[in-house]
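S.K.: The structure is given below, and queries will be raised subsequently.
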Amino acid sequence: MYNVSVSPHIRDKSSTTKIMLDVCIALAPTLIFGVVHFGLNALFVIISSVLSCVISEAVFELITKKPITVFDLSAVVTGLILALNMPPDVAWWVPAVGGVFAIVVVKMLFGGIGQNIMNPALAARCFLLISFASRMTDFSVDGVSGATPLAVLKSGGSVDLLDAFLGLRTGCIGEVSIVCILAGGLYLMIKKVISPRIPLIYILSSALFIFIFQSAASGVPTWQFMLGQLLTGGLMAGAFFMATDYTTSPVTKWGQVVYAVLIGFLTAVFRILGSSAEGVSYAIIISNLLVPIIEKITVPRPFGVKKKDKKEA
């Protein structure tokens, strides 16, 4: 006898809470390194960001009389990713404001987890960059300011690639140590939380477009400049922790390829041709908004349907 049931016919033991816990574990090395490298204020920024996201979600659901979902850890992940993108010496209330915006405006007003049209943490970072530009671009540590490696590259200078790889530089709390970011990304891939498709294609396409645009801009492209661009700023963290967000990235394989190449192209445009040294956050959220179109043009042909009949199907 056959048991005929409705789909889904293939079930998995994964749950939102388990996936989010894995993401928290993957983020831990780079955030811990940020606290050790930059000092105690970085820890206060992380705590403020996470508490703001969790409290905002709980309060919103209490007011709107919806089920409390903070225990699925999605709000915690949003807070951690937002903290990852914050300057180490920023005032504690700045990430708190960003957390409220990320959860209430970008996530809950669109229907909650799985309904938002862009990455909440990155949208909040862009909101903070516009609202508090001076605070969000001040990378001083213990009162001592210094240019970020991306700013140095933008002005025509060079950076020590080994220091950039190890994290011995200035920048946002969770973006400085490439070693820790790669460790977290590798953990997510081993646990099959993310596919290597989007991160690898994004990194490779960024390298290609940066090399092309730098050639056009200066006529003297260098491998050191390209590697410096890859190893500094938020590119690596964006590749593994932000561009791979389930809700705001395509589900089709070719869609993921197009999506990753688009982010790489926009990142190169903003960094090389734009006035700002960084551009990862804007590149990802613009690509997030184009995901419905990308999925529409990359939807696979249904099994048994001829190519000429695909449109009708």
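By order in the structure tokens, chains are A, B, ...; within a chain, residues start at 1; ligands start at 1, following the order shown.
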Within 12 Å of Phe165 in chain A, counting only C-alpha atoms, which residues qualify if same-chain residues fewer than 4 places away don't, as a short mmCIF file (atom, residue, chain, number, x, y, z; two decimals) with all heavy atoms, in the first residue's frame?
M.R.:
data_model
loop_
_atom_site.label_atom_id
_atom_site.label_comp_id
_atom_site.auth_asym_id
_atom_site.auth_seq_id
_atom_site.Cartn_x
_atom_site.Cartn_y
_atom_site.Cartn_z
N PRO A 149 42.05 51.20 5.44
CA PRO A 149 42.80 50.70 4.27
C PRO A 149 42.12 51.04 2.95
O PRO A 149 42.79 51.36 1.97
CB PRO A 149 42.84 49.20 4.52
CG PRO A 149 42.77 49.05 5.99
CD PRO A 149 41.85 50.14 6.44
N VAL A 159 48.42 49.05 0.86
CA VAL A 159 48.23 48.48 2.19
C VAL A 159 49.04 47.20 2.31
O VAL A 159 49.37 46.56 1.31
CB VAL A 159 46.73 48.17 2.46
CG1 VAL A 159 45.91 49.43 2.44
CG2 VAL A 159 46.19 47.17 1.45
N ASP A 160 49.36 46.85 3.53
CA ASP A 160 50.07 45.61 3.80
C ASP A 160 49.06 44.46 3.72
O ASP A 160 48.15 44.37 4.55
CB ASP A 160 50.71 45.67 5.19
CG ASP A 160 51.63 44.47 5.45
OD1 ASP A 160 51.14 43.33 5.36
OD2 ASP A 160 52.81 44.69 5.75
N LEU A 161 49.21 43.58 2.75
CA LEU A 161 48.23 42.52 2.51
C LEU A 161 48.20 41.51 3.66
O LEU A 161 47.14 40.98 4.00
CB LEU A 161 48.53 41.81 1.19
CG LEU A 161 48.42 42.67 -0.07
CD1 LEU A 161 48.75 41.84 -1.31
CD2 LEU A 161 47.02 43.27 -0.18
N ARG A 169 44.47 46.05 11.41
CA ARG A 169 44.14 47.29 10.72
C ARG A 169 42.88 47.90 11.33
O ARG A 169 42.27 47.32 12.21
CB ARG A 169 43.90 47.03 9.22
CG ARG A 169 42.81 45.97 8.96
CD ARG A 169 42.77 45.58 7.50
NE ARG A 169 41.83 44.50 7.24
CZ ARG A 169 40.55 44.67 6.93
NH1 ARG A 169 40.05 45.89 6.86
NH2 ARG A 169 39.76 43.65 6.69
N GLU A 175 34.75 43.24 10.34
CA GLU A 175 35.22 43.08 8.97
C GLU A 175 36.73 43.04 8.84
O GLU A 175 37.26 42.84 7.75
CB GLU A 175 34.67 44.21 8.08
CG GLU A 175 35.28 45.56 8.38
CD GLU A 175 34.77 46.68 7.49
OE1 GLU A 175 33.65 46.55 6.96
OE2 GLU A 175 35.48 47.69 7.33
N VAL A 176 37.45 43.21 9.94
CA VAL A 176 38.90 43.40 9.82
C VAL A 176 39.67 42.09 9.64
O VAL A 176 40.67 42.06 8.93
CB VAL A 176 39.47 44.18 11.02
CG1 VAL A 176 39.00 45.62 10.99
CG2 VAL A 176 39.09 43.53 12.34
N SER A 177 39.24 41.01 10.29
CA SER A 177 40.02 39.77 10.25
C SER A 177 39.48 38.83 9.18
O SER A 177 38.45 38.17 9.37
CB SER A 177 40.00 39.07 11.61
OG SER A 177 40.69 37.84 11.54
N ILE A 178 40.18 38.73 8.06
CA ILE A 178 39.76 37.83 6.98
C ILE A 178 39.87 36.38 7.44
O ILE A 178 39.05 35.54 7.05
CB ILE A 178 40.63 38.07 5.73
CG1 ILE A 178 40.54 39.53 5.30
CG2 ILE A 178 40.20 37.15 4.61
CD1 ILE A 178 39.14 40.00 4.99
N VAL A 179 40.84 36.08 8.28
CA VAL A 179 41.00 34.71 8.79
C VAL A 179 39.73 34.27 9.53
O VAL A 179 39.21 33.18 9.29
CB VAL A 179 42.21 34.62 9.73
CG1 VAL A 179 42.30 33.23 10.34
CG2 VAL A 179 43.49 34.94 8.99
N CYS A 180 39.23 35.12 10.40
CA CYS A 180 38.03 34.78 11.18
C CYS A 180 36.80 34.71 10.29
O CYS A 180 35.93 33.85 10.49
CB CYS A 180 37.82 35.81 12.28
SG CYS A 180 39.11 35.81 13.54
N ILE A 181 36.71 35.60 9.31
CA ILE A 181 35.57 35.58 8.39
C ILE A 181 35.56 34.29 7.59
O ILE A 181 34.51 33.65 7.42
CB ILE A 181 35.61 36.81 7.46
CG1 ILE A 181 35.37 38.08 8.26
CG2 ILE A 181 34.58 36.67 6.34
CD1 ILE A 181 35.61 39.36 7.46
N LEU A 182 36.72 33.89 7.08
CA LEU A 182 36.81 32.65 6.30
C LEU A 182 36.49 31.43 7.17
O LEU A 182 35.87 30.48 6.70
CB LEU A 182 38.20 32.51 5.68
CG LEU A 182 38.55 33.53 4.58
CD1 LEU A 182 39.99 33.30 4.10
CD2 LEU A 182 37.59 33.40 3.41
N LEU A 227 43.94 42.82 -4.77
CA LEU A 227 43.91 42.01 -3.55
C LEU A 227 43.62 42.87 -2.33
O LEU A 227 42.92 42.44 -1.40
CB LEU A 227 45.25 41.27 -3.38
CG LEU A 227 45.52 40.15 -4.38
CD1 LEU A 227 46.93 39.60 -4.19
CD2 LEU A 227 44.49 39.02 -4.21
N GLY A 228 44.15 44.09 -2.32
CA GLY A 228 43.87 44.99 -1.22
C GLY A 228 42.39 45.31 -1.14
O GLY A 228 41.81 45.38 -0.04
N GLN A 229 41.74 45.49 -2.29
CA GLN A 229 40.30 45.73 -2.31
C GLN A 229 39.51 44.53 -1.79
O GLN A 229 38.51 44.68 -1.09
CB GLN A 229 39.85 46.04 -3.75
CG GLN A 229 40.25 47.41 -4.25
CD GLN A 229 39.37 48.51 -3.69
OE1 GLN A 229 38.27 48.26 -3.22
NE2 GLN A 229 39.86 49.74 -3.73
N LEU A 230 39.97 43.33 -2.10
CA LEU A 230 39.27 42.12 -1.65
C LEU A 230 39.44 41.88 -0.15
O LEU A 230 38.52 41.40 0.52
CB LEU A 230 39.78 40.89 -2.41
CG LEU A 230 39.52 40.84 -3.91
CD1 LEU A 230 40.06 39.54 -4.49
CD2 LEU A 230 38.02 40.96 -4.23
N LEU A 231 40.61 42.23 0.37
CA LEU A 231 40.93 41.90 1.76
C LEU A 231 40.59 43.00 2.75
O LEU A 231 40.76 42.82 3.95
CB LEU A 231 42.43 41.56 1.89
CG LEU A 231 42.91 40.33 1.12
CD1 LEU A 231 44.42 40.16 1.30
CD2 LEU A 231 42.17 39.06 1.55
N THR A 232 40.10 44.14 2.26
CA THR A 232 39.75 45.24 3.15
C THR A 232 38.30 45.63 2.97
O THR A 232 37.67 45.29 1.97
CB THR A 232 40.66 46.47 2.91
OG1 THR A 232 40.54 46.88 1.53
CG2 THR A 232 42.11 46.15 3.20
N GLY A 233 37.77 46.35 3.95
CA GLY A 233 36.36 46.73 3.88
C GLY A 233 35.45 45.55 4.17
O GLY A 233 35.86 44.55 4.75
N MET A 236 34.48 40.67 2.10
CA MET A 236 34.50 39.26 2.52
C MET A 236 33.35 38.95 3.49
O MET A 236 32.67 37.92 3.37
CB MET A 236 35.83 38.92 3.16
CG MET A 236 36.97 38.81 2.18
SD MET A 236 36.78 37.39 1.08
CE MET A 236 38.27 37.55 0.09
#
S.K.: List the spatial neighbours of range 116-126 of chain A as a VMD selection string - criterion: any atom at most 9 Å away, only C-alpha atoms, same-chain residues fewer than 2 positions off excluded.
M.R.: chain A and resid 77 to 83 85 to 86 95 97 to 103 105 to 114 128 to 131 136 242 to 243 245 247 to 249 281 to 282 284 to 289 291
S.K.: What is the distance, in Å and to one decimal place, between CA of Ile198 in chain A and CA of Ile293 in chain A?
M.R.: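 Answer for the CA of Ile198 in chain A to CA of Ile293 in chain A separation: 17.2 Å.
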S.K.: Which residue, A:Ser49, A:Ser205, A:Thr298, A:Ser276, has the smallest gap to Val261 in chain A when you use only C-alpha atoms?
M.R.: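 Checking each candidate against Val261 in chain A, we get A:Ser205 as the closest.
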S.K.: Return as a ChimeraX atom specification the full set of residues in range 139-288 of chain A whose backbone-based DSSP assignment is alpha helix (DSSP H).
M.R.: /A:149-154,161-166,178-190,197-218,223-231,235-237,253-268,280-288
S.K.: Near Ile263 in chain A, within 8 Å and counting only C-alpha atoms, which residues show up once chain neighbours fewer than 4 positions away are dropped, as a short mmCIF file (atom, residue, chain, number, x, y, z; two decimals) with all heavy atoms, in the first residue's frame?
M.R.:
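Ended up saving to part21.cif:
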data_model
loop_
_atom_site.label_atom_id
_atom_site.label_comp_id
_atom_site.auth_asym_id
_atom_site.auth_seq_id
_atom_site.Cartn_x
_atom_site.Cartn_y
_atom_site.Cartn_z
N TYR A 202 30.72 35.98 -6.14
CA TYR A 202 30.77 37.39 -5.77
C TYR A 202 32.21 37.87 -5.64
O TYR A 202 32.60 38.92 -6.18
CB TYR A 202 30.00 37.62 -4.47
CG TYR A 202 30.16 38.99 -3.86
CD1 TYR A 202 30.23 40.13 -4.65
CD2 TYR A 202 30.24 39.15 -2.48
CE1 TYR A 202 30.38 41.40 -4.09
CE2 TYR A 202 30.38 40.41 -1.91
CZ TYR A 202 30.46 41.52 -2.73
OH TYR A 202 30.61 42.77 -2.18
N SER A 206 33.90 40.42 -8.28
CA SER A 206 34.40 41.69 -7.74
C SER A 206 35.84 41.92 -8.17
O SER A 206 36.22 43.02 -8.59
CB SER A 206 34.31 41.69 -6.21
OG SER A 206 32.98 41.66 -5.77
N TYR A 259 22.84 37.04 -9.57
CA TYR A 259 22.80 37.87 -8.36
C TYR A 259 24.20 38.17 -7.84
O TYR A 259 24.55 39.32 -7.54
CB TYR A 259 21.97 37.12 -7.32
CG TYR A 259 21.98 37.66 -5.92
CD1 TYR A 259 21.26 38.80 -5.58
CD2 TYR A 259 22.66 36.99 -4.90
CE1 TYR A 259 21.24 39.27 -4.27
CE2 TYR A 259 22.63 37.44 -3.60
CZ TYR A 259 21.93 38.58 -3.28
OH TYR A 259 21.90 39.03 -1.99
N THR A 267 29.64 46.55 -6.55
CA THR A 267 30.70 46.83 -5.58
C THR A 267 31.87 47.52 -6.24
O THR A 267 32.41 48.51 -5.73
CB THR A 267 31.17 45.53 -4.89
OG1 THR A 267 30.09 44.92 -4.19
CG2 THR A 267 32.31 45.81 -3.91
N VAL A 280 29.84 47.98 -0.46
CA VAL A 280 29.28 46.64 -0.36
C VAL A 280 27.82 46.66 0.09
O VAL A 280 26.97 45.97 -0.48
CB VAL A 280 30.12 45.77 0.60
CG1 VAL A 280 29.43 44.43 0.86
CG2 VAL A 280 31.50 45.54 0.02
N ALA A 283 25.56 47.84 -2.67
CA ALA A 283 25.53 46.85 -3.75
C ALA A 283 24.61 45.68 -3.41
O ALA A 283 23.84 45.22 -4.26
CB ALA A 283 26.95 46.34 -4.02
N ILE A 284 24.65 45.23 -2.17
CA ILE A 284 23.84 44.07 -1.77
C ILE A 284 22.36 44.43 -1.68
O ILE A 284 21.51 43.68 -2.19
CB ILE A 284 24.34 43.48 -0.44
CG1 ILE A 284 25.73 42.87 -0.63
CG2 ILE A 284 23.37 42.42 0.08
CD1 ILE A 284 26.35 42.32 0.64
N SER A 287 20.83 44.84 -5.11
CA SER A 287 20.65 43.52 -5.71
C SER A 287 19.49 42.77 -5.05
O SER A 287 18.77 42.02 -5.72
CB SER A 287 21.94 42.71 -5.60
OG SER A 287 23.00 43.36 -6.27
#
S.K.: With a distance cut-off of 9 Å and only C-alpha atoms, select the neighbouring residues of range 193-195 of chain A, excluding the residue or stretch itself and same-chain residues fewer than 6 positions from it, and output the selection as JSON, numbers by chain.
M.R.: {"A": [19, 22, 23, 185, 187, 240, 244, 245, 246]}
S.K.: Tell me which protein, DNA and RNA residues are within 9 Å of Ala58 in chain A, counting only C-alpha atoms, leaving out same-chain ones fewer than 3 positions away, and put them as number ranges by chain.
M.R.: A: 53-55, 61-63, 68-70
S.K.: Now that the selection is made, can you save its residues with N, CA, C and O atoms as a PDB file, in the first residue's frame?
M.R.:
ATOM      1  N   CYS A  53      17.555  44.924  18.649  1.00  0.00           N
ATOM      2  CA  CYS A  53      16.815  44.108  17.678  1.00  0.00           C
ATOM      3  C   CYS A  53      15.822  43.175  18.376  1.00  0.00           C
ATOM      4  O   CYS A  53      14.658  43.067  17.964  1.00  0.00           O
ATOM      5  N   VAL A  54      16.275  42.499  19.425  1.00  0.00           N
ATOM      6  CA  VAL A  54      15.409  41.547  20.129  1.00  0.00           C
ATOM      7  C   VAL A  54      14.237  42.261  20.796  1.00  0.00           C
ATOM      8  O   VAL A  54      13.074  41.831  20.678  1.00  0.00           O
ATOM      9  N   ILE A  55      14.517  43.349  21.493  1.00  0.00           N
ATOM     10  CA  ILE A  55      13.462  44.092  22.192  1.00  0.00           C
ATOM     11  C   ILE A  55      12.481  44.698  21.195  1.00  0.00           C
ATOM     12  O   ILE A  55      11.256  44.669  21.404  1.00  0.00           O
ATOM     13  N   GLU A  61       5.620  42.806  18.333  1.00  0.00           N
ATOM     14  CA  GLU A  61       4.681  41.663  18.308  1.00  0.00           C
ATOM     15  C   GLU A  61       3.692  41.733  19.462  1.00  0.00           C
ATOM     16  O   GLU A  61       2.535  41.303  19.312  1.00  0.00           O
ATOM     17  N   LEU A  62       4.111  42.275  20.603  1.00  0.00           N
ATOM     18  CA  LEU A  62       3.176  42.458  21.710  1.00  0.00           C
ATOM     19  C   LEU A  62       2.116  43.510  21.367  1.00  0.00           C
ATOM     20  O   LEU A  62       0.920  43.317  21.634  1.00  0.00           O
ATOM     21  N   ILE A  63       2.548  44.605  20.766  1.00  0.00           N
ATOM     22  CA  ILE A  63       1.617  45.674  20.412  1.00  0.00           C
ATOM     23  C   ILE A  63       0.630  45.213  19.343  1.00  0.00           C
ATOM     24  O   ILE A  63      -0.570  45.509  19.413  1.00  0.00           O
ATOM     25  N   ILE A  68       5.085  35.733  19.612  1.00  0.00           N
ATOM     26  CA  ILE A  68       6.451  36.167  19.893  1.00  0.00           C
ATOM     27  C   ILE A  68       7.432  35.231  19.184  1.00  0.00           C
ATOM     28  O   ILE A  68       7.391  34.011  19.381  1.00  0.00           O
ATOM     29  N   THR A  69       8.311  35.800  18.354  1.00  0.00           N
ATOM     30  CA  THR A  69       9.216  34.978  17.543  1.00  0.00           C
ATOM     31  C   THR A  69      10.691  35.210  17.863  1.00  0.00           C
ATOM     32  O   THR A  69      11.559  34.721  17.134  1.00  0.00           O
ATOM     33  N   VAL A  70      10.981  35.944  18.929  1.00  0.00           N
ATOM     34  CA  VAL A  70      12.384  36.279  19.208  1.00  0.00           C
ATOM     35  C   VAL A  70      13.226  35.049  19.537  1.00  0.00           C
ATOM     36  O   VAL A  70      14.454  35.084  19.409  1.00  0.00           O
TER      37      VAL A  70
END
S.K.: Measure the distance from CA of Pro88 in chain A to CA of Arg271 in chain A in Å and round it to one decimal.
M.R.: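 Taking CA of Pro88 in chain A and CA of Arg271 in chain A, their separation equals 22.0 Å.
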